[in-house]
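Colleague: Following this message is one structure expressed as structure tokens.
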Amino acid sequence: MSKMINNEIQNCLSTTEQKKCPIVKPQNMIAGKWKLTILWLLSNQTRRFGELQRLLPDISKGILTRQLRELEVDYLIHREVYREVPPKVEYSLTDIGISFIPILTSIASWGEEYERKKVNMEEFQVGITNKR
């Protein structure tokens, strides 16, 4: 990271401009237990609300609704309402949401690497303990 960008981030983190900070803004946009998972599920296809509920059985209807609304407010997803009976609502990624997918893929890769390293560290710790 360039020194100029690093200094900009340091400055915005220590001021009242945190909401515009290039670290804090995306952090706030994706904060929420289910947002990354929702974005991942929408990364390869448009999905209906009920389908998202089935794919995320541990999330309540209210929390799913709130997280979807927040993602929509931040322009990461698009909500399409069809005027029919019964009502039909579909969610898809916007261009901004699509631009986040490479970052999400990197996060997933980092998560896999973290798990491998964690297992190695745990095995290492067990080995040290057993040698005592």
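Each chain in the structure tokens gets a letter, A, B, ..., in the order shown, and its residues are numbered from 1; ligands are numbered from 1 in order too.
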Residues at most 12 Å from Ser99 (chain A), counting only C-alpha atoms, excluding those fewer than 4 positions away in the same chain, as a list in words?
Modeller: Leu39, Ser43, Tyr75, Leu76, Ile77, Leu93, Thr94, Asp95, Ile103, Leu104 and Thr105 of chain A
Colleague: Identify, with DSSP run on backbone atoms, the residues in chain A assigned to helix (DSSP H, G or I), and express the list as number ranges by chain.
Modeller: A: 3-13, 18-20, 24-30, 35-42, 49-55, 61-73, 95-131
Colleague: Here is a test: counting only C-alpha atoms, which residue of A:Val81, A:Glu72, A:Pro57, A:Trp40 is nearest to Ser106 (chain A)?
Modeller: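 Counting only C-alpha atoms, the residue closest to Ser106 (chain A) is A:Trp40.
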Colleague: By how many Å are CA of Tyr114 (chain A) and CA of Gln67 (chain A) apart?
Modeller: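 We find that CA of Tyr114 (chain A) and CA of Gln67 (chain A) lie 26.3 Å from each other.
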Colleague: Check chain A with DSSP on the backbone and list each residue it calls strand (DSSP E or B), as a PyMOL selection string.
Modeller: chain A and resi 47-48+77-82+88-93
Colleague: Write the residues of the preceding selection, restricted to N, CA and C atoms, as a compact mmCIF listing (two decimals), in the first residue's frame.
Modeller:
# COMPACT_ATOMS: atom_id res chain seq x y z
N ARG A 47 -32.10 -14.52 -6.73
CA ARG A 47 -32.82 -15.41 -5.82
C ARG A 47 -34.03 -14.70 -5.22
N ARG A 48 -35.05 -15.51 -4.93
CA ARG A 48 -36.25 -15.01 -4.26
C ARG A 48 -36.03 -15.05 -2.75
N ILE A 77 -27.14 -4.66 -3.71
CA ILE A 77 -28.13 -5.55 -4.31
C ILE A 77 -29.31 -4.74 -4.84
N HIS A 78 -30.03 -5.38 -5.75
CA HIS A 78 -31.25 -4.80 -6.32
C HIS A 78 -32.43 -5.67 -5.92
N ARG A 79 -33.51 -5.01 -5.54
CA ARG A 79 -34.74 -5.71 -5.16
C ARG A 79 -35.78 -5.44 -6.24
N GLU A 80 -36.24 -6.49 -6.87
CA GLU A 80 -37.25 -6.38 -7.93
C GLU A 80 -38.57 -6.94 -7.40
N VAL A 81 -39.60 -6.08 -7.38
CA VAL A 81 -40.92 -6.49 -6.91
C VAL A 81 -41.82 -6.66 -8.12
N TYR A 82 -42.42 -7.83 -8.24
CA TYR A 82 -43.34 -8.11 -9.33
C TYR A 82 -44.76 -7.98 -8.81
N LYS A 88 -44.21 -11.50 -5.66
CA LYS A 88 -42.92 -12.10 -6.01
C LYS A 88 -41.85 -11.02 -5.88
N VAL A 89 -40.80 -11.32 -5.12
CA VAL A 89 -39.68 -10.40 -4.94
C VAL A 89 -38.40 -11.16 -5.24
N GLU A 90 -37.57 -10.58 -6.06
CA GLU A 90 -36.28 -11.19 -6.40
C GLU A 90 -35.15 -10.23 -6.04
N TYR A 91 -34.04 -10.83 -5.65
CA TYR A 91 -32.84 -10.07 -5.29
C TYR A 91 -31.70 -10.48 -6.21
N SER A 92 -30.94 -9.48 -6.63
CA SER A 92 -29.77 -9.74 -7.48
C SER A 92 -28.70 -8.71 -7.14
N LEU A 93 -27.50 -8.98 -7.60
CA LEU A 93 -26.40 -8.03 -7.37
C LEU A 93 -26.49 -6.88 -8.34
Colleague: Please provide the set of residues having any atom within 8 Å of Gln53 (chain A), restricted to only C-alpha atoms, with same-chain residues fewer than 5 positions apart removed, written as an NGL selection string.
Modeller: :A and (59 or 61 or 64)
Colleague: Find, counting only C-alpha atoms, the residue in A:Glu115, A:Leu42, A:Arg54, A:Asp74 that gets nearest to Gln27 (chain A).
Modeller: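 Closest to Gln27 (chain A), using only C-alpha atoms: A:Asp74.
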Colleague: Pick from A:Ser60, A:Lys118, A:Ile96, A:Thr46: nearest to Pro26 (chain A), with only C-alpha atoms counted?
Modeller: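 For Pro26 (chain A), the nearest of the candidates is A:Ile96.
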Colleague: One decimal, in Å: what's the spacing between CA of Leu36 (chain A) and CA of Leu52 (chain A)?
Modeller: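 Computed distance, CA of Leu36 (chain A) to CA of Leu52 (chain A), equals 12.9 Å.
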